[in-house]
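Participant: Have a peek at model.csv (CSV, C-alpha atoms and all ligand atoms).
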```
chain,number,residue,atom,x,y,z
C,1,MET,CA,0.0,0.0,0.0
C,2,THR,CA,1.4,3.3,-1.0
C,3,ALA,CA,0.8,6.5,0.9
C,4,TYR,CA,0.3,9.4,-1.6
C,5,ALA,CA,1.5,12.9,-0.8
C,6,PRO,CA,1.6,16.2,-2.7
C,7,ASP,CA,5.1,15.3,-3.9
C,8,THR,CA,4.0,12.0,-5.4
C,9,ALA,CA,3.3,11.6,-9.2
C,10,LEU,CA,1.0,8.7,-10.2
C,11,VAL,CA,2.0,7.7,-13.7
C,12,VAL,CA,-0.8,5.8,-15.5
C,13,VAL,CA,0.9,3.9,-18.4
C,14,ASP,CA,-1.0,3.1,-21.7
C,15,VAL,CA,-4.5,2.2,-20.4
C,16,GLN,CA,-5.7,2.4,-24.0
C,17,ASN,CA,-8.3,0.3,-25.9
C,18,ASP,CA,-5.8,-1.8,-27.9
C,19,PHE,CA,-4.3,-3.0,-24.6
C,20,ALA,CA,-7.3,-2.8,-22.2
C,21,ASP,CA,-10.3,-3.8,-24.4
C,22,PRO,CA,-10.8,-7.6,-25.1
C,23,ASP,CA,-11.3,-6.5,-28.8
C,24,GLY,CA,-8.1,-4.6,-28.8
C,25,SER,CA,-5.2,-5.7,-31.1
C,26,LEU,CA,-2.8,-6.3,-28.2
C,27,TYR,CA,-5.2,-7.1,-25.4
C,28,VAL,CA,-3.5,-7.8,-22.1
C,29,PRO,CA,-5.7,-10.2,-20.1
C,30,GLY,CA,-7.2,-8.5,-17.1
C,31,GLY,CA,-6.7,-5.1,-18.6
C,32,ASP,CA,-10.4,-4.2,-18.4
C,33,THR,CA,-11.7,-6.3,-15.5
C,34,GLN,CA,-8.7,-5.8,-13.1
C,35,VAL,CA,-6.5,-3.0,-14.2
C,36,VAL,CA,-8.9,-0.2,-15.1
C,37,PRO,CA,-10.8,-0.4,-11.7
C,38,ALA,CA,-7.6,-0.7,-9.8
C,39,VAL,CA,-6.0,2.2,-11.6
C,40,ASN,CA,-9.1,4.3,-11.0
C,41,HIS,CA,-8.9,3.5,-7.3
C,42,GLN,CA,-5.3,4.7,-7.2
C,43,ILE,CA,-6.2,7.9,-9.0
C,44,SER,CA,-8.8,8.6,-6.3
C,45,LEU,CA,-6.3,8.0,-3.5
C,46,ALA,CA,-3.7,10.2,-5.3
C,47,LEU,CA,-6.1,13.1,-5.8
C,48,GLU,CA,-7.4,12.9,-2.2
C,49,ALA,CA,-3.8,13.3,-1.0
C,50,GLY,CA,-3.0,16.2,-3.3
C,51,ALA,CA,-0.7,14.1,-5.6
C,52,SER,CA,-0.4,14.7,-9.3
C,53,VAL,CA,-1.6,12.3,-12.0
C,54,PHE,CA,0.1,11.9,-15.4
C,55,TYR,CA,-0.7,9.6,-18.3
C,56,THR,CA,1.2,8.1,-21.2
C,57,GLN,CA,-0.2,6.9,-24.5
C,58,ASP,CA,1.5,4.6,-26.9
C,59,TRP,CA,1.1,6.7,-30.1
C,60,HIS,CA,2.4,5.1,-33.3
C,61,PRO,CA,2.3,6.0,-37.0
C,62,GLU,CA,0.7,3.4,-39.3
C,63,ARG,CA,4.0,2.0,-40.3
C,64,THR,CA,6.9,1.7,-37.8
C,65,PRO,CA,9.7,-0.8,-37.2
C,66,HIS,CA,7.9,-1.4,-33.9
C,67,PHE,CA,5.2,-3.5,-35.8
C,68,ALA,CA,5.7,-7.0,-37.2
C,69,ILE,CA,4.8,-5.8,-40.7
C,70,ASP,CA,7.9,-3.6,-40.6
C,71,GLY,CA,10.3,-5.9,-38.9
C,72,GLY,CA,9.3,-5.6,-35.2
C,73,ILE,CA,7.4,-8.0,-33.0
C,74,TRP,CA,4.0,-6.4,-32.4
C,75,PRO,CA,0.7,-6.5,-34.2
C,76,VAL,CA,-0.4,-3.0,-35.3
C,77,HIS,CA,-1.7,-1.2,-32.2
C,78,CYS,CA,-2.3,2.3,-30.8
C,79,VAL,CA,-2.0,4.1,-34.2
C,80,ALA,CA,-2.3,7.8,-33.5
C,81,GLY,CA,-5.8,9.1,-33.6
C,82,THR,CA,-7.5,5.7,-33.9
C,83,ALA,CA,-10.0,4.2,-31.4
C,84,GLY,CA,-7.4,1.7,-30.3
C,85,ALA,CA,-5.1,4.5,-29.1
C,86,ASP,CA,-7.9,6.2,-27.1
C,87,PHE,CA,-8.0,5.8,-23.3
C,88,HIS,CA,-10.2,3.0,-22.1
C,89,PRO,CA,-13.7,4.6,-21.7
C,90,ASP,CA,-13.9,3.7,-18.0
C,91,LEU,CA,-10.5,5.2,-17.1
C,92,ARG,CA,-10.6,8.4,-15.1
C,93,ILE,CA,-8.7,11.2,-16.7
C,94,GLU,CA,-7.3,13.7,-14.2
C,95,GLY,CA,-4.1,15.0,-15.7
C,96,PRO,CA,-2.0,15.5,-18.8
C,97,SER,CA,-0.9,12.7,-21.2
C,98,VAL,CA,2.4,12.2,-22.9
C,99,HIS,CA,2.2,10.6,-26.3
C,100,LYS,CA,5.2,8.5,-27.3
C,101,GLY,CA,6.3,7.2,-30.6
C,102,ALA,CA,4.5,9.6,-32.9
C,103,GLY,CA,7.7,10.1,-34.9
C,104,GLY,CA,8.1,6.4,-35.4
C,105,GLU,CA,10.4,6.1,-32.4
C,106,ASP,CA,10.6,2.7,-30.7
C,107,GLY,CA,11.0,1.8,-27.1
C,108,TYR,CA,8.6,1.4,-24.2
C,109,SER,CA,9.3,3.9,-21.6
C,110,GLY,CA,7.2,7.0,-21.0
C,111,PHE,CA,10.4,9.0,-20.3
C,112,THR,CA,12.5,8.2,-23.4
C,113,MET,CA,12.0,7.2,-27.0
C,114,ARG,CA,14.5,5.5,-29.3
C,115,ASP,CA,15.1,6.7,-32.8
C,116,PRO,CA,14.8,3.4,-34.8
C,117,ARG,CA,17.5,4.4,-37.3
C,118,SER,CA,20.2,6.0,-35.1
C,119,GLY,CA,19.3,4.2,-31.9
C,120,GLU,CA,19.6,7.5,-30.2
C,121,GLU,CA,17.5,8.0,-27.0
C,122,ILE,CA,15.3,11.0,-27.0
C,123,PRO,CA,13.7,12.2,-23.7
C,124,THR,CA,9.9,12.9,-23.6
C,125,GLU,CA,8.6,15.8,-21.5
C,126,LEU,CA,7.5,13.5,-18.7
C,127,ALA,CA,10.5,13.9,-16.3
C,128,SER,CA,10.3,17.7,-16.5
C,129,MET,CA,6.5,17.7,-16.0
C,130,ILE,CA,6.9,15.6,-12.9
C,131,ARG,CA,9.7,17.8,-11.6
C,132,GLU,CA,7.8,21.0,-12.3
C,133,ALA,CA,4.9,19.5,-10.3
C,134,GLY,CA,7.4,19.3,-7.4
C,135,CYS,CA,7.3,15.5,-7.2
C,136,ARG,CA,10.1,13.2,-5.8
C,137,HIS,CA,8.1,10.0,-5.6
C,138,VAL,CA,6.7,8.2,-8.7
C,139,VAL,CA,4.1,5.4,-8.6
C,140,VAL,CA,3.7,3.5,-11.9
C,141,VAL,CA,0.6,1.6,-12.8
C,142,GLY,CA,-1.1,0.5,-16.1
C,143,LEU,CA,-0.2,-1.6,-19.0
C,144,ALA,CA,1.8,-3.7,-19.6
C,145,LEU,CA,3.9,-4.8,-16.7
C,146,ASP,CA,6.6,-6.5,-18.7
C,147,TYR,CA,7.0,-3.7,-21.3
C,148,CYS,CA,5.9,-0.1,-20.8
C,149,VAL,CA,5.3,-0.2,-17.1
C,150,LYS,CA,8.7,-1.9,-16.4
C,151,ASP,CA,10.7,0.5,-18.7
C,152,THR,CA,8.9,3.6,-17.4
C,153,ALA,CA,9.6,2.6,-13.8
C,154,LEU,CA,13.3,1.7,-14.6
C,155,ASP,CA,13.7,5.2,-16.2
C,156,ALA,CA,11.9,6.9,-13.3
C,157,ALA,CA,14.4,5.3,-10.9
C,158,ARG,CA,17.3,6.3,-13.2
C,159,GLU,CA,15.9,9.9,-13.2
C,160,GLY,CA,16.4,9.8,-9.4
C,161,PHE,CA,12.7,9.5,-8.4
C,162,ASP,CA,11.8,7.2,-5.5
C,163,THR,CA,9.8,4.7,-7.6
C,164,THR,CA,7.1,2.2,-6.9
C,165,VAL,CA,5.2,-0.2,-9.1
C,166,LEU,CA,1.8,-1.4,-7.8
C,167,LEU,CA,1.2,-5.0,-9.0
C,168,ALA,CA,-2.5,-4.9,-8.3
C,169,ALA,CA,-2.9,-2.1,-10.9
C,170,THR,CA,-0.9,-3.7,-13.7
C,171,ALA,CA,-0.9,-6.9,-15.8
C,172,ALA,CA,1.7,-8.6,-18.0
C,173,VAL,CA,1.6,-9.5,-21.8
C,174,ASN,CA,3.6,-12.6,-20.9
C,175,LEU,CA,4.7,-13.2,-24.5
C,176,ASP,CA,6.9,-15.8,-22.8
C,177,PRO,CA,5.3,-17.2,-19.7
C,178,GLY,CA,7.2,-15.8,-16.7
C,179,ASP,CA,7.9,-12.4,-18.3
C,180,GLY,CA,5.9,-10.7,-15.7
C,181,GLU,CA,7.8,-12.3,-12.9
C,182,ALA,CA,11.1,-11.6,-14.6
C,183,ALA,CA,10.0,-7.9,-14.8
C,184,VAL,CA,9.4,-7.8,-11.1
C,185,GLU,CA,12.9,-9.2,-10.4
C,186,GLN,CA,14.5,-6.7,-12.7
C,187,LEU,CA,12.6,-3.8,-11.1
C,188,ARG,CA,13.6,-4.9,-7.6
C,189,ARG,CA,17.3,-5.2,-8.6
C,190,ALA,CA,17.1,-1.6,-9.9
C,191,GLY,CA,15.8,-0.4,-6.6
C,192,VAL,CA,12.2,0.0,-7.5
C,193,SER,CA,9.6,-1.0,-4.8
C,194,VAL,CA,7.2,-3.5,-6.1
C,195,GLY,CA,4.0,-3.8,-4.0
P,201,LIG,C1,3.4,-1.8,-25.0
P,201,LIG,C2,4.0,-3.6,-26.5
P,201,LIG,C3,4.1,-2.7,-27.5
P,201,LIG,C4,3.0,-1.4,-23.7
P,201,LIG,C5,3.5,-0.9,-26.1
P,201,LIG,O1,2.4,-0.4,-23.5
P,201,LIG,O2,3.4,-2.1,-22.7
P,201,LIG,N1,3.7,-3.1,-25.2
P,201,LIG,N2,3.9,-1.4,-27.3
P,202,ZN,ZN,3.6,0.0,-29.0
```
Could the structure of this file be written out as structure tokens, please?

Facilitator:
Amino acid sequence: MTAYAPDTALVVVDVQNDFADPDGSLYVPGGDTQVVPAVNHQISLALEAGASVFYTQDWHPERTPHFAIDGGIWPVHCVAGTAGADFHPDLRIEGPSVHKGAGGEDGYSGFTMRDPRSGEEIPTELASMIREAGCRHVVVVGLALDYCVKDTALDAAREGFDTTVLLAATAAVNLDPGDGEAAVEQLRRAGVSVG
């Protein structure tokens, strides 16, 4: 259980239809039934305590090396401006959203994007938004534990934020069974609290 305070940022990762709706192209089991209500509960607790809430959205062009059709590993998902990229309709929206990947960048973190050609890491505005809100603690929830939640939390810790991932408010893709558990191990080794 996390105590929220005014210097906490709750980062809600990629609770979008393609991940959270059973008809989405990259549905994460439990995204709708478990994750959306659990995330909404965290948003309520955060707001009651005066914490800030931020969102990320996976936001791809129609063609990108992120997708299997162009050499990546994923089905087409979260194409900018489509219904699949919209927030799940039941998600409470209480803060700004950072869109990642609109220029065809790859990578999973809400804090950085990777240029698929040069491999260069490009920061998003998320870290500065969190700092400008006066936050030192970051709580990460949303989808998916073994990709965007993990990489967002690892980057938050690298940025120097005291970082927590709430397992009850996330779920794993588990492309390989055990990916979710491996993600938890990796997070703990990096000094992220997993609760
Ligand atoms: C994600 C796979 C591909 C995520 C994004 O939000 O975890 N996973 N793109
Ligand atoms: Zn993606």

Participant: When you look at range 56-61 of chain C with a cut-off of 10 Å (counting only C-alpha atoms), what residues show up, excluding the ones that are within fewer than 3 positions of it in the same chain? I need them as a tab-separated table (two decimals) with C-alpha atoms, in the coordinates of the input.

Facilitator:
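File written: around_4.tsv
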```tsv
chain	number	residue	atom	x	y	z
C	11	VAL	CA	2.00	7.70	-13.70
C	12	VAL	CA	-0.80	5.80	-15.50
C	13	VAL	CA	0.90	3.90	-18.40
C	14	ASP	CA	-1.00	3.10	-21.70
C	15	VAL	CA	-4.50	2.20	-20.40
C	16	GLN	CA	-5.70	2.40	-24.00
C	18	ASP	CA	-5.80	-1.80	-27.90
C	19	PHE	CA	-4.30	-3.00	-24.60
C	64	THR	CA	6.90	1.70	-37.80
C	66	HIS	CA	7.90	-1.40	-33.90
C	67	PHE	CA	5.20	-3.50	-35.80
C	76	VAL	CA	-0.40	-3.00	-35.30
C	77	HIS	CA	-1.70	-1.20	-32.20
C	78	CYS	CA	-2.30	2.30	-30.80
C	79	VAL	CA	-2.00	4.10	-34.20
C	80	ALA	CA	-2.30	7.80	-33.50
C	81	GLY	CA	-5.80	9.10	-33.60
C	82	THR	CA	-7.50	5.70	-33.90
C	84	GLY	CA	-7.40	1.70	-30.30
C	85	ALA	CA	-5.10	4.50	-29.10
C	86	ASP	CA	-7.90	6.20	-27.10
C	87	PHE	CA	-8.00	5.80	-23.30
C	96	PRO	CA	-2.00	15.50	-18.80
C	97	SER	CA	-0.90	12.70	-21.20
C	98	VAL	CA	2.40	12.20	-22.90
C	99	HIS	CA	2.20	10.60	-26.30
C	100	LYS	CA	5.20	8.50	-27.30
C	101	GLY	CA	6.30	7.20	-30.60
C	102	ALA	CA	4.50	9.60	-32.90
C	103	GLY	CA	7.70	10.10	-34.90
C	104	GLY	CA	8.10	6.40	-35.40
C	105	GLU	CA	10.40	6.10	-32.40
C	106	ASP	CA	10.60	2.70	-30.70
C	107	GLY	CA	11.00	1.80	-27.10
C	108	TYR	CA	8.60	1.40	-24.20
C	109	SER	CA	9.30	3.90	-21.60
C	110	GLY	CA	7.20	7.00	-21.00
C	111	PHE	CA	10.40	9.00	-20.30
C	126	LEU	CA	7.50	13.50	-18.70
C	142	GLY	CA	-1.10	0.50	-16.10
C	148	CYS	CA	5.90	-0.10	-20.80
C	152	THR	CA	8.90	3.60	-17.40
```

Participant: Suppose you want the space between atom C5 of ligand LIG 201 (chain P) and CA of Ala144 in chain C; what is it in Å?

Facilitator: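 Separation between atom C5 of ligand LIG 201 (chain P) and CA of Ala144 in chain C: 7.3 Å.
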
Participant: Of the candidates C:Ile69, C:Phe54, C:Tyr147, C:Ala133, which one gets nearest to ligand ZN 202 (chain P) if we count all atoms listed in the file?

Facilitator: C:Tyr147

Participant: Return the single residue from C:Glu94, C:Glu62, C:Asp7, C:Glu159 that is closest to ligand ZN 202 (chain P), with distances computed using all atoms listed in the file.

Facilitator: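 When distances to ligand ZN 202 (chain P) are compared using all atoms listed in the file, the smallest one comes from C:Glu62.
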
Participant: Can you tell me how far CA of Gly30 in chain C sits from CA of Ala171 in chain C, in Å to one decimal?

Facilitator: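 So the answer is 6.6 Å.
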
Participant: So how far away is CA of Gly31 in chain C from CA of Gly95 in chain C, in Å?

Facilitator: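 Calculated distance between CA of Gly95 in chain C and CA of Gly31 in chain C is 20.5 Å.
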
Participant: Which residue gives the smallest distance to ligand ZN 202 (chain P) among C:Val141, C:Cys135, C:Val53, C:Leu26, with all atoms listed in the file counted?

Facilitator: C:Leu26

Participant: Considering all atoms listed in the file, state which residue in the set C:Asp70, C:Val192, C:Ile43, C:Ala156 is at the smallest distance from Ile130 in chain C.

Facilitator: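 Checking each of C:Asp70, C:Val192, C:Ile43, C:Ala156 against Ile130 in chain C, counting all atoms listed in the file, the winner is C:Ala156.
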
Participant: Taking into account all atoms listed in the file, which residue in the set C:Leu167, C:Ala49, C:Leu175, C:Ala68 is nearest to ligand ZN 202 (chain P)?

Facilitator: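 The answer is C:Ala68, which sits nearest to ligand ZN 202 (chain P).
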
Participant: Which is closer to Val165 in chain C than all the others in C:Gln42, C:Ser128, C:Thr112, C:Gln34, using all atoms listed in the file?

Facilitator: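 Checking each candidate against Val165 in chain C, we get C:Gln42 as the closest.
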
Participant: Write out as a PyMOL selection string each polymer residue whose atoms come within 7 Å of Asp162 in chain C, counting only C-alpha atoms; drop sequence neighbours fewer than 5 positions from it.

Facilitator: chain C and resi 136-138+157
